[in-house]
$ cat start.csv   # CSV, C-alpha atoms
chain,number,residue,atom,x,y,z
A,1,MET,CA,-114.2,-106.0,61.4
A,2,ARG,CA,-113.0,-103.4,63.8
A,3,ILE,CA,-113.4,-99.7,63.0
A,4,LEU,CA,-111.6,-96.9,64.7
A,5,ILE,CA,-114.0,-94.1,65.2
A,6,SER,CA,-112.7,-90.6,65.8
A,7,LEU,CA,-114.3,-89.0,68.9
A,8,ALA,CA,-115.3,-86.3,66.4
A,9,VAL,CA,-118.2,-88.6,65.6
A,10,PHE,CA,-119.6,-87.8,69.0
A,11,GLY,CA,-118.5,-84.3,69.5
A,12,ALA,CA,-114.7,-84.4,70.2
A,13,ILE,CA,-111.7,-84.1,67.9
A,14,SER,CA,-109.3,-86.8,69.0
A,15,VAL,CA,-108.6,-89.7,66.7
A,16,THR,CA,-107.2,-91.7,69.5
A,17,PRO,CA,-107.7,-93.3,71.9
A,18,ASP,CA,-110.6,-95.2,70.4
A,19,VAL,CA,-113.5,-95.3,72.9
A,20,GLY,CA,-114.4,-98.8,71.8
A,21,PRO,CA,-117.6,-100.5,70.6
A,22,PHE,CA,-119.2,-100.7,74.0
A,23,VAL,CA,-119.1,-96.9,74.6
A,24,ARG,CA,-120.3,-96.2,71.1
A,25,LEU,CA,-123.2,-98.6,71.5
A,26,LEU,CA,-124.0,-97.0,74.9
A,27,TRP,CA,-124.1,-93.6,73.2
A,28,LEU,CA,-126.4,-94.9,70.5
A,29,VAL,CA,-128.9,-96.3,72.8
A,30,GLN,CA,-128.9,-93.3,75.1
A,31,GLU,CA,-129.6,-91.1,72.1
A,32,ASN,CA,-132.0,-93.4,70.2
A,33,GLY,CA,-133.4,-95.7,72.8
A,34,THR,CA,-136.6,-95.8,74.9
A,35,PRO,CA,-137.1,-93.4,77.9
A,36,GLU,CA,-136.0,-96.2,80.1
A,37,ALA,CA,-132.6,-96.2,78.4
A,38,ARG,CA,-132.1,-92.6,79.4
A,39,ASN,CA,-133.3,-92.9,83.0
A,40,PRO,CA,-130.1,-92.9,85.2
A,41,ALA,CA,-131.8,-95.3,87.6
A,42,ASN,CA,-131.6,-97.9,84.8
A,43,ASP,CA,-128.0,-97.1,83.8
A,44,SER,CA,-126.3,-100.1,85.4
A,45,LYS,CA,-128.9,-102.4,84.0
A,46,LEU,CA,-128.5,-100.8,80.5
A,47,LYS,CA,-124.7,-101.3,80.6
A,48,ALA,CA,-125.0,-104.9,81.7
A,49,THR,CA,-127.5,-105.6,78.8
A,50,LEU,CA,-125.2,-103.9,76.3
A,51,MET,CA,-122.2,-105.9,77.5
A,52,LYS,CA,-124.0,-109.1,76.7
A,53,ALA,CA,-125.5,-107.8,73.4
A,54,LEU,CA,-122.2,-107.0,71.7
A,55,SER,CA,-120.8,-109.8,69.6
A,56,LYS,CA,-117.1,-110.2,69.0
A,57,ASP,CA,-117.4,-108.5,65.6
A,58,GLY,CA,-119.4,-105.6,67.0
A,59,VAL,CA,-122.7,-106.6,65.5
A,60,VAL,CA,-125.9,-106.1,67.6
A,61,ALA,CA,-129.4,-107.5,67.1
A,62,ARG,CA,-132.5,-105.7,68.6
A,63,GLU,CA,-133.7,-108.7,70.6
A,64,GLU,CA,-130.5,-108.6,72.6
A,65,LEU,CA,-131.1,-105.0,73.7
A,66,GLY,CA,-133.6,-106.0,76.4
A,67,GLY,CA,-136.3,-103.6,75.3
A,68,PHE,CA,-134.1,-100.5,75.5
A,69,MET,CA,-134.6,-99.7,71.9
A,70,ASP,CA,-138.0,-99.9,70.1
A,71,PRO,CA,-138.3,-101.6,66.7
A,72,GLU,CA,-138.8,-98.4,64.6
A,73,SER,CA,-135.7,-96.7,66.1
A,74,PHE,CA,-133.6,-99.8,65.7
A,75,GLU,CA,-134.6,-100.4,62.1
A,76,LYS,CA,-133.6,-96.8,61.1
A,77,VAL,CA,-130.1,-97.6,62.1
A,78,ALA,CA,-129.9,-101.3,61.2
A,79,GLY,CA,-131.5,-101.3,57.8
A,80,ALA,CA,-132.8,-104.4,56.0
A,81,ASP,CA,-130.5,-107.0,57.6
A,82,GLY,CA,-131.9,-106.4,61.1
A,83,VAL,CA,-128.6,-106.0,62.8
A,84,ILE,CA,-126.4,-102.9,63.6
A,85,ASP,CA,-122.8,-103.3,62.4
A,86,PRO,CA,-119.9,-101.0,63.3
A,87,ALA,CA,-120.3,-98.8,60.2
A,88,GLU,CA,-124.0,-98.3,60.8
A,89,LEU,CA,-123.3,-97.4,64.4
A,90,ALA,CA,-120.7,-94.9,63.4
A,91,GLN,CA,-123.0,-93.3,60.9
A,92,ALA,CA,-125.9,-93.0,63.3
A,93,LEU,CA,-123.7,-91.3,65.9
A,94,GLU,CA,-122.3,-88.9,63.3
A,95,SER,CA,-125.7,-87.9,62.0
A,96,SER,CA,-127.1,-87.3,65.5
A,97,THR,CA,-124.3,-84.9,66.6
A,98,PRO,CA,-125.8,-81.5,67.1
A,99,GLU,CA,-124.1,-78.4,65.7
A,100,SER,CA,-123.6,-76.8,69.1
A,101,ARG,CA,-121.6,-79.8,70.3
A,102,THR,CA,-119.1,-79.4,67.5
A,103,LYS,CA,-118.5,-75.8,68.7
A,104,LEU,CA,-117.6,-76.9,72.2
A,105,HIS,CA,-114.0,-76.4,73.3
A,106,PRO,CA,-112.4,-79.8,72.4
A,107,LYS,CA,-111.2,-80.7,75.9
A,108,LEU,CA,-114.7,-79.9,77.2
A,109,ARG,CA,-116.3,-82.1,74.6
A,110,ASP,CA,-114.1,-85.0,75.7
A,111,HIS,CA,-114.9,-84.5,79.3
A,112,ALA,CA,-118.6,-84.3,78.7
A,113,SER,CA,-118.5,-87.4,76.6
A,114,PHE,CA,-116.8,-89.3,79.4
A,115,LEU,CA,-119.4,-88.1,82.0
A,116,THR,CA,-122.2,-89.5,79.8
A,117,THR,CA,-120.8,-93.0,80.6
A,118,THR,CA,-121.2,-92.4,84.4
A,119,PHE,CA,-124.9,-91.8,84.9
A,120,ASP,CA,-125.1,-94.8,87.2
A,121,ARG,CA,-123.3,-92.6,89.8
A,122,ILE,CA,-126.2,-90.2,90.1
A,123,ASP,CA,-127.9,-90.7,93.4
A,124,PRO,CA,-131.7,-90.9,93.9
A,125,VAL,CA,-132.1,-87.4,95.3
A,126,HIS,CA,-130.4,-85.9,92.3
A,127,ARG,CA,-132.2,-88.2,89.9
A,128,ASP,CA,-135.6,-87.1,91.2
A,129,ALA,CA,-134.8,-83.4,91.0
A,130,GLY,CA,-133.2,-83.9,87.6
A,131,ASP,CA,-136.3,-85.7,86.3
A,132,LYS,CA,-138.5,-82.7,87.3
A,133,LEU,CA,-136.0,-80.3,85.7
A,134,ALA,CA,-136.0,-82.2,82.4
A,135,HIS,CA,-139.8,-82.3,82.3
A,136,TRP,CA,-140.1,-78.6,82.9
A,137,ILE,CA,-137.5,-77.8,80.2
A,138,ALA,CA,-139.3,-80.1,77.7
A,139,ALA,CA,-142.7,-78.6,78.5
A,140,ASN,CA,-141.6,-75.0,78.2
A,141,PHE,CA,-139.0,-75.2,75.4
A,142,ARG,CA,-139.6,-73.2,72.3
A,143,GLU,CA,-137.0,-73.4,69.6
A,144,GLY,CA,-134.9,-70.3,69.2
A,145,GLN,CA,-136.3,-68.8,72.5
A,146,PRO,CA,-134.1,-68.5,75.6
A,147,LEU,CA,-135.2,-70.6,78.6
A,148,ASP,CA,-133.4,-69.9,81.8
A,149,VAL,CA,-132.2,-71.7,84.9
A,150,ILE,CA,-130.6,-70.0,87.9
A,151,VAL,CA,-128.4,-72.3,90.1
A,152,VAL,CA,-128.5,-71.0,93.7
A,153,CYS,CA,-126.2,-71.6,96.7
A,154,THR,CA,-125.3,-69.5,99.7
A,155,GLY,CA,-122.2,-67.6,98.7
A,156,ASN,CA,-122.3,-68.0,94.9
A,157,SER,CA,-118.7,-69.0,95.0
A,158,ARG,CA,-118.5,-72.7,94.4
A,159,ARG,CA,-121.5,-75.0,93.7
A,160,SER,CA,-123.7,-72.5,92.0
A,161,ILE,CA,-121.0,-71.5,89.6
A,162,LEU,CA,-120.1,-75.1,89.0
A,163,GLY,CA,-123.8,-75.8,88.3
A,164,SER,CA,-124.3,-72.9,85.9
A,165,SER,CA,-121.1,-73.8,84.0
A,166,MET,CA,-121.7,-77.5,83.8
A,167,GLY,CA,-125.4,-76.8,82.9
A,168,ASN,CA,-124.3,-74.6,79.9
A,169,LEU,CA,-121.9,-77.3,78.8
A,170,ALA,CA,-124.6,-79.9,79.0
A,171,ALA,CA,-127.1,-77.8,77.1
A,172,ALA,CA,-124.7,-77.2,74.2
A,173,TYR,CA,-123.6,-80.9,74.2
A,174,TYR,CA,-127.1,-82.1,73.6
A,175,GLY,CA,-128.1,-79.4,71.1
A,176,LEU,CA,-130.1,-77.2,73.4
A,177,PRO,CA,-128.2,-73.9,73.4
A,178,GLU,CA,-131.5,-72.0,74.1
A,179,ILE,CA,-131.2,-73.3,77.7
A,180,ARG,CA,-129.0,-70.9,79.5
A,181,PHE,CA,-127.8,-71.4,83.1
A,182,HIS,CA,-127.0,-68.5,85.5
A,183,SER,CA,-125.8,-68.5,89.0
A,184,GLY,CA,-126.6,-66.6,92.2
A,185,GLY,CA,-126.5,-66.7,96.0
A,186,THR,CA,-128.5,-65.9,99.0
A,187,ASP,CA,-125.4,-64.3,100.7
A,188,PRO,CA,-122.9,-63.6,97.9
A,189,THR,CA,-119.1,-63.5,98.6
A,190,ALA,CA,-116.7,-64.0,95.6
A,191,PHE,CA,-116.1,-66.4,92.7
A,192,ASP,CA,-113.6,-68.7,94.5
A,193,SER,CA,-110.2,-69.3,92.8
A,194,ARG,CA,-110.5,-73.1,93.4
A,195,THR,CA,-113.8,-73.1,91.4
A,196,VAL,CA,-111.9,-71.2,88.6
A,197,ALA,CA,-109.1,-73.8,88.7
A,198,THR,CA,-111.4,-76.9,88.5
A,199,LEU,CA,-113.4,-75.5,85.6
A,200,LYS,CA,-110.2,-74.5,83.7
A,201,ALA,CA,-108.9,-78.0,84.3
A,202,ILE,CA,-111.5,-79.5,81.9
A,203,GLY,CA,-111.3,-76.9,79.2
A,204,PHE,CA,-113.5,-73.9,80.2
A,205,GLY,CA,-112.0,-70.6,79.1
A,206,ILE,CA,-112.0,-68.3,82.1
A,207,GLU,CA,-110.5,-64.8,81.9
A,208,PRO,CA,-110.6,-62.0,84.4
A,209,THR,CA,-112.3,-58.8,83.0
A,210,GLY,CA,-110.3,-56.5,85.3
A,211,GLN,CA,-113.5,-55.2,86.8
A,212,GLU,CA,-114.8,-55.9,90.3
A,213,ALA,CA,-118.5,-56.5,91.3
A,214,PRO,CA,-120.0,-55.2,94.5
A,215,ARG,CA,-118.5,-56.9,97.6
A,216,GLY,CA,-120.5,-59.0,100.0
A,217,GLU,CA,-119.5,-60.1,103.5
A,218,PRO,CA,-116.8,-60.6,104.4
A,219,ASP,CA,-115.4,-57.6,102.5
A,220,THR,CA,-113.3,-59.5,100.0
A,221,ALA,CA,-112.5,-58.7,96.4
A,222,ASN,CA,-115.2,-59.9,94.0
A,223,PRO,CA,-113.6,-60.0,90.5
A,224,ALA,CA,-115.7,-60.6,87.4
A,225,TYR,CA,-114.7,-63.3,85.0
A,226,ARG,CA,-115.7,-64.1,81.4
A,227,ILE,CA,-116.4,-67.8,81.0
A,228,SER,CA,-116.6,-69.5,77.6
A,229,TRP,CA,-117.4,-73.1,76.8
A,230,ALA,CA,-117.9,-73.1,73.0
A,231,GLU,CA,-117.4,-71.0,69.9
A,232,GLY,CA,-119.8,-68.0,70.3
A,233,PHE,CA,-120.9,-69.0,73.8
A,234,GLU,CA,-119.8,-67.1,76.9
A,235,THR,CA,-121.1,-65.5,80.0
A,236,LEU,CA,-120.0,-63.1,82.7
A,237,GLU,CA,-119.6,-64.6,86.2
A,238,PHE,CA,-119.2,-63.0,89.5
A,239,SER,CA,-120.6,-63.5,93.0
A,240,LYS,CA,-124.1,-61.9,93.2
A,241,HIS,CA,-127.5,-62.3,94.7
A,242,TYR,CA,-129.8,-64.6,92.7
A,243,ALA,CA,-132.1,-61.6,92.1
A,244,ASP,CA,-129.3,-59.5,90.7
A,245,VAL,CA,-130.4,-57.5,87.6
A,246,SER,CA,-127.9,-59.5,85.5
A,247,ASN,CA,-130.0,-62.6,86.1
A,248,PRO,CA,-133.5,-63.4,84.7
A,249,GLN,CA,-136.2,-62.0,86.8
A,250,THR,CA,-139.2,-64.1,85.9
A,251,GLY,CA,-140.1,-67.5,84.2
A,252,PHE,CA,-136.9,-69.3,85.3
A,253,VAL,CA,-136.2,-72.5,87.3
A,254,ALA,CA,-134.3,-72.0,90.6
A,255,VAL,CA,-132.1,-75.0,91.4
A,256,MET,CA,-131.0,-74.9,95.0
A,257,VAL,CA,-127.7,-76.8,95.2
A,258,CYS,CA,-126.9,-76.3,98.9
A,259,SER,CA,-128.9,-77.2,101.9
A,260,GLU,CA,-128.4,-73.8,103.6
A,261,ALA,CA,-129.8,-71.8,100.7
A,262,ASP,CA,-132.6,-74.4,100.2
A,263,GLU,CA,-133.6,-74.1,103.9
A,264,GLY,CA,-133.1,-70.4,104.1
A,265,CYS,CA,-134.9,-69.4,100.9
A,266,PRO,CA,-138.1,-71.3,100.7
A,267,VAL,CA,-139.5,-69.0,98.1
A,268,VAL,CA,-137.5,-67.6,95.1
A,269,LYS,CA,-139.3,-64.6,93.7
A,270,GLY,CA,-140.0,-64.8,90.0
A,271,ALA,CA,-139.3,-68.6,89.7
A,272,SER,CA,-141.7,-70.8,87.7
A,273,LEU,CA,-140.3,-73.8,89.5
A,274,ARG,CA,-138.0,-74.2,92.5
A,275,LEU,CA,-136.1,-77.5,92.9
A,276,SER,CA,-134.0,-78.8,95.8
A,277,MET,CA,-130.8,-80.5,94.5
A,278,PRO,CA,-128.2,-80.2,97.3
A,279,PHE,CA,-124.6,-81.2,96.9
A,280,HIS,CA,-121.9,-81.4,99.6
A,281,ASP,CA,-119.7,-78.3,99.8
A,282,PRO,CA,-116.2,-78.8,98.5
A,283,LYS,CA,-115.1,-75.9,100.7
A,284,THR,CA,-114.9,-78.5,103.5
A,285,TYR,CA,-111.6,-79.7,102.0
A,286,ASP,CA,-110.0,-76.2,101.4
A,287,GLY,CA,-106.4,-76.2,102.4
A,288,GLY,CA,-106.1,-80.0,102.6
A,289,ALA,CA,-104.4,-82.6,100.5
A,290,PHE,CA,-107.7,-83.6,98.8
A,291,GLU,CA,-108.8,-80.1,97.9
A,292,SER,CA,-108.4,-80.2,94.1
A,293,ALA,CA,-109.7,-83.8,93.9
A,294,LYS,CA,-112.8,-82.9,95.8
A,295,TYR,CA,-113.5,-79.8,93.7
A,296,ALA,CA,-113.2,-82.0,90.6
A,297,GLU,CA,-115.5,-84.6,92.2
A,298,ARG,CA,-118.2,-82.0,92.9
A,299,ARG,CA,-117.8,-80.5,89.4
A,300,ASP,CA,-118.4,-83.9,87.9
A,301,ASP,CA,-121.2,-84.9,90.3
A,302,ILE,CA,-123.1,-81.8,89.1
A,303,GLY,CA,-122.0,-82.2,85.5
A,304,ARG,CA,-123.3,-85.7,85.1
A,305,VAL,CA,-126.7,-84.7,86.5
A,306,MET,CA,-126.9,-81.8,84.1
A,307,LEU,CA,-125.9,-84.0,81.1
A,308,SER,CA,-128.6,-86.6,82.1
A,309,VAL,CA,-131.2,-83.8,82.4
A,310,MET,CA,-130.3,-82.4,79.0
A,311,LEU,CA,-130.3,-85.8,77.3
A,312,GLN,CA,-133.8,-86.6,78.7
A,313,ALA,CA,-135.1,-83.1,77.8
A,314,ARG,CA,-133.7,-83.3,74.3
A,315,ARG,CA,-135.4,-86.6,73.5
A,316,ALA,CA,-138.7,-85.5,75.1
A,317,ILE,CA,-138.6,-82.3,72.9
A,318,ASP,CA,-137.9,-84.4,69.8
A,319,SER,CA,-140.7,-86.8,70.6
A,320,LYS,CA,-143.2,-83.9,71.1
A,321,SER,CA,-142.1,-82.4,67.9
A,322,LYS,CA,-142.7,-85.6,66.0
A,323,LYS,CA,-146.2,-85.9,67.4
A,324,THR,CA,-147.2,-82.4,66.3
A,325,SER,CA,-145.6,-82.5,62.9
$ encode --input "start.csv" --output "structure tokens"
Amino acid sequence: MRILISLAVFGAISVTPDVGPFVRLLWLVQENGTPEARNPANDSKLKATLMKALSKDGVVAREELGGFMDPESFEKVAGADGVIDPAELAQALESSTPESRTKLHPKLRDHASFLTTTFDRIDPVHRDAGDKLAHWIAANFREGQPLDVIVVCTGNSRRSILGSSMGNLAAAYYGLPEIRFHSGGTDPTAFDSRTVATLKAIGFGIEPTGQEAPRGEPDTANPAYRISWAEGFETLEFSKHYADVSNPQTGFVAVMVCSEADEGCPVVKGASLRLSMPFHDPKTYDGGAFESAKYAERRDDIGRVMLSVMLQARRAIDSKSKKTS
């Protein structure tokens, strides 16, 4: 039996193309499996295990999952017969879809869903920093109360805004809208038009406000933009110092996404945690044939890290809630 599952089951709206039983099983185990199943270091092994586990008719037995799903979690999905069939898989995915994911702009939901299948591309440096960020979020999360992250680079024009935007997308995707990402720089310039373009390309709503923020060096225009990623979720973005009054002043995590800011700003005033998570600057490719591809590459590199972080934080928060209830 083959069932076509709308992507609406996992937070998108397209009826076709069907993502297929392998991707649906991957999503199920990421959402309901053991901590090892969510660790990006194990992603390649997890995928190899799931490829072998899937029978031709889409039925899966727990013993074929290589320990990536514990008996209790498996039985909740499988029921009395001890195997997960396509209909049970679809129902489990549908019931675990958070409300904030359904509010995401449709194209963004699709893109985030795709990036969740690429956690094996996260390199060790970013995995380690992401693990620390996920642990901090889980330890400090209080339902309904804002919890802030400031993503910092030098000019607050490219990587920091990509980080804050993809972080907000990831938080909404995994049902953690309380986690809000902001951006800032150590030497602000302007929100680069190429950053605007690469975010628009995957479905962010970005509109100029018609107002200009204070200029940095060099003396170039610093327009303010309104960025939206979901129904009822938006922020104002412009190039600014990380300590600008529009950003949180205390109790936040500072994520340093460029080596220059990381080296030049060893202490971030007001931060509860400072993390080094450097990414290569897409500015290197400005004006060349690979420009747009490299901006998209960096956007997605940062995006998959943020999604992995939010997946791990969401499950850790849920686990802690079960223990205290």
$ residues_around --input "start.csv" --residues "Glu75 of chain A" --least-positions-apart "3" --cutoff "12 Å" --atoms "all atoms listed in the file" --output "ChimeraX atom specification"
/A:32-33,60-63,69-72,78-84,88-89,92
$ closest_atom_pairs --input "start.csv" --of "segment 175-238 of chain A" --to "segment 115-139 of chain A" --cutoff "12 Å" --atoms "all atoms listed in the file" --output "Markdown table"
| residue | atom | partner | partner_atom | distance |
| --- | --- | --- | --- | --- |
| A:Leu176 | CA | A:Ile137 | CA | 10.1 |
| A:Glu178 | CA | A:Ile137 | CA | 10.3 |
| A:Ile179 | CA | A:Ile137 | CA | 8.1 |
| A:Arg180 | CA | A:Ile137 | CA | 11.0 |
| A:Phe181 | CA | A:Ile137 | CA | 12.0 |
| A:Ile202 | CA | A:Leu115 | CA | 11.7 |
$ atom_distance --input "start.csv" --atom1 "atom CA of Ala261 of chain A" --atom2 "atom CA of Leu273 of chain A"
15.5 Å
$ closest_residue --input "start.csv" --among "A:Phe68, A:Asp318, A:Val196, A:Glu143" --to "Ser96 of chain A" --atoms "all atoms listed in the file"
A:Asp318
$ closest_residue --input "start.csv" --among "A:Ser165, A:Ser113, A:Thr189, A:Thr198" --to "Ala296 of chain A" --atoms "only C-alpha atoms"
A:Thr198
$ closest_residue --input "start.csv" --among "A:Gly232, A:Pro177, A:Gly216, A:Pro188" --to "Gln145 of chain A" --atoms "only C-alpha atoms"
A:Pro177
$ closest_residue --input "start.csv" --among "A:Ile227, A:Ala41, A:Leu65, A:Ala254" --to "Val305 of chain A" --atoms "all atoms listed in the file"
A:Ala41
$ closest_residue --input "start.csv" --among "A:Thr34, A:Thr235, A:Thr195, A:Asn42" --to "Glu291 of chain A" --atoms "all atoms listed in the file"
A:Thr195
$ closest_residue --input "start.csv" --among "A:Ala171, A:Ala197, A:Ile317, A:Val255" --to "Ser292 of chain A" --atoms "all atoms listed in the file"
A:Ala197
$ atom_distance --input "start.csv" --atom1 "atom CA of Pro218 of chain A" --atom2 "atom CA of Arg299 of chain A"
24.9 Å
$ residues_around --input "start.csv" --residues "Asn168 of chain A" --least-positions-apart "5" --cutoff "12 Å" --atoms "only C-alpha atoms" --output "JSON list (two decimals) with C-alpha atoms, in the coordinates of the input"
[["chain", "number", "residue", "atom", "x", "y", "z"],
["A", 100, "SER", "CA", -123.60, -76.80, 69.10],
["A", 101, "ARG", "CA", -121.60, -79.80, 70.30],
["A", 104, "LEU", "CA", -117.60, -76.90, 72.20],
["A", 108, "LEU", "CA", -114.70, -79.90, 77.20],
["A", 112, "ALA", "CA", -118.60, -84.30, 78.70],
["A", 147, "LEU", "CA", -135.20, -70.60, 78.60],
["A", 148, "ASP", "CA", -133.40, -69.90, 81.80],
["A", 149, "VAL", "CA", -132.20, -71.70, 84.90],
["A", 150, "ILE", "CA", -130.60, -70.00, 87.90],
["A", 151, "VAL", "CA", -128.40, -72.30, 90.10],
["A", 161, "ILE", "CA", -121.00, -71.50, 89.60],
["A", 162, "LEU", "CA", -120.10, -75.10, 89.00],
["A", 163, "GLY", "CA", -123.80, -75.80, 88.30],
["A", 173, "TYR", "CA", -123.60, -80.90, 74.20],
["A", 174, "TYR", "CA", -127.10, -82.10, 73.60],
["A", 175, "GLY", "CA", -128.10, -79.40, 71.10],
["A", 176, "LEU", "CA", -130.10, -77.20, 73.40],
["A", 177, "PRO", "CA", -128.20, -73.90, 73.40],
["A", 178, "GLU", "CA", -131.50, -72.00, 74.10],
["A", 179, "ILE", "CA", -131.20, -73.30, 77.70],
["A", 180, "ARG", "CA", -129.00, -70.90, 79.50],
["A", 181, "PHE", "CA", -127.80, -71.40, 83.10],
["A", 182, "HIS", "CA", -127.00, -68.50, 85.50],
["A", 183, "SER", "CA", -125.80, -68.50, 89.00],
["A", 204, "PHE", "CA", -113.50, -73.90, 80.20],
["A", 227, "ILE", "CA", -116.40, -67.80, 81.00],
["A", 228, "SER", "CA", -116.60, -69.50, 77.60],
["A", 229, "TRP", "CA", -117.40, -73.10, 76.80],
["A", 230, "ALA", "CA", -117.90, -73.10, 73.00],
["A", 233, "PHE", "CA", -120.90, -69.00, 73.80],
["A", 234, "GLU", "CA", -119.80, -67.10, 76.90],
["A", 235, "THR", "CA", -121.10, -65.50, 80.00],
["A", 302, "ILE", "CA", -123.10, -81.80, 89.10],
["A", 303, "GLY", "CA", -122.00, -82.20, 85.50],
["A", 306, "MET", "CA", -126.90, -81.80, 84.10],
["A", 307, "LEU", "CA", -125.90, -84.00, 81.10],
["A", 309, "VAL", "CA", -131.20, -83.80, 82.40],
["A", 310, "MET", "CA", -130.30, -82.40, 79.00]]
$ atom_distance --input "start.csv" --atom1 "atom CA of Arg298 of chain A" --atom2 "atom CA of Leu93 of chain A"
29.1 Å
$ decode --input "start.csv" --residues "segment 34-54 of chain A" --atoms "N, CA and C atoms" --output "compact mmCIF listing (two decimals), in the first residue's frame"
# COMPACT_ATOMS: atom_id res chain seq x y z
N THR A 34 15.57 8.58 19.80
CA THR A 34 16.48 8.82 20.92
C THR A 34 17.31 10.08 20.66
N PRO A 35 17.99 10.61 21.69
CA PRO A 35 18.89 11.76 21.46
C PRO A 35 19.93 11.49 20.38
N GLU A 36 20.36 10.23 20.26
CA GLU A 36 21.33 9.88 19.23
C GLU A 36 20.78 10.10 17.82
N ALA A 37 19.47 9.92 17.68
CA ALA A 37 18.83 10.10 16.37
C ALA A 37 18.81 11.56 15.96
N ARG A 38 18.89 12.47 16.92
CA ARG A 38 18.87 13.90 16.64
C ARG A 38 20.25 14.52 16.57
N ASN A 39 21.27 13.77 16.94
CA ASN A 39 22.64 14.27 16.91
C ASN A 39 23.12 14.29 15.45
N PRO A 40 23.45 15.47 14.91
CA PRO A 40 23.86 15.51 13.50
C PRO A 40 25.09 14.68 13.19
N ALA A 41 25.90 14.38 14.20
CA ALA A 41 27.06 13.52 13.98
C ALA A 41 26.64 12.11 13.58
N ASN A 42 25.41 11.72 13.93
CA ASN A 42 24.91 10.38 13.62
C ASN A 42 23.99 10.35 12.40
N ASP A 43 23.84 11.49 11.73
CA ASP A 43 22.82 11.59 10.69
C ASP A 43 23.05 10.62 9.53
N SER A 44 24.28 10.47 9.10
CA SER A 44 24.57 9.53 8.00
C SER A 44 24.26 8.10 8.41
N LYS A 45 24.63 7.74 9.63
CA LYS A 45 24.35 6.39 10.13
C LYS A 45 22.85 6.17 10.26
N LEU A 46 22.14 7.18 10.75
CA LEU A 46 20.69 7.08 10.87
C LEU A 46 20.06 6.84 9.51
N LYS A 47 20.45 7.58 8.52
CA LYS A 47 19.88 7.43 7.18
C LYS A 47 20.17 6.04 6.62
N ALA A 48 21.39 5.56 6.81
CA ALA A 48 21.73 4.22 6.31
C ALA A 48 20.87 3.16 6.99
N THR A 49 20.63 3.34 8.30
CA THR A 49 19.79 2.39 9.05
C THR A 49 18.36 2.41 8.54
N LEU A 50 17.82 3.59 8.30
CA LEU A 50 16.43 3.70 7.86
C LEU A 50 16.24 3.17 6.45
N MET A 51 17.25 3.33 5.61
CA MET A 51 17.17 2.78 4.25
C MET A 51 16.98 1.27 4.29
N LYS A 52 17.69 0.62 5.20
CA LYS A 52 17.58 -0.84 5.32
C LYS A 52 16.29 -1.25 6.02
N ALA A 53 15.80 -0.38 6.90
CA ALA A 53 14.63 -0.74 7.71
C ALA A 53 13.33 -0.74 6.90
N LEU A 54 13.23 0.10 5.90
CA LEU A 54 11.99 0.23 5.15
C LEU A 54 11.75 -1.00 4.28
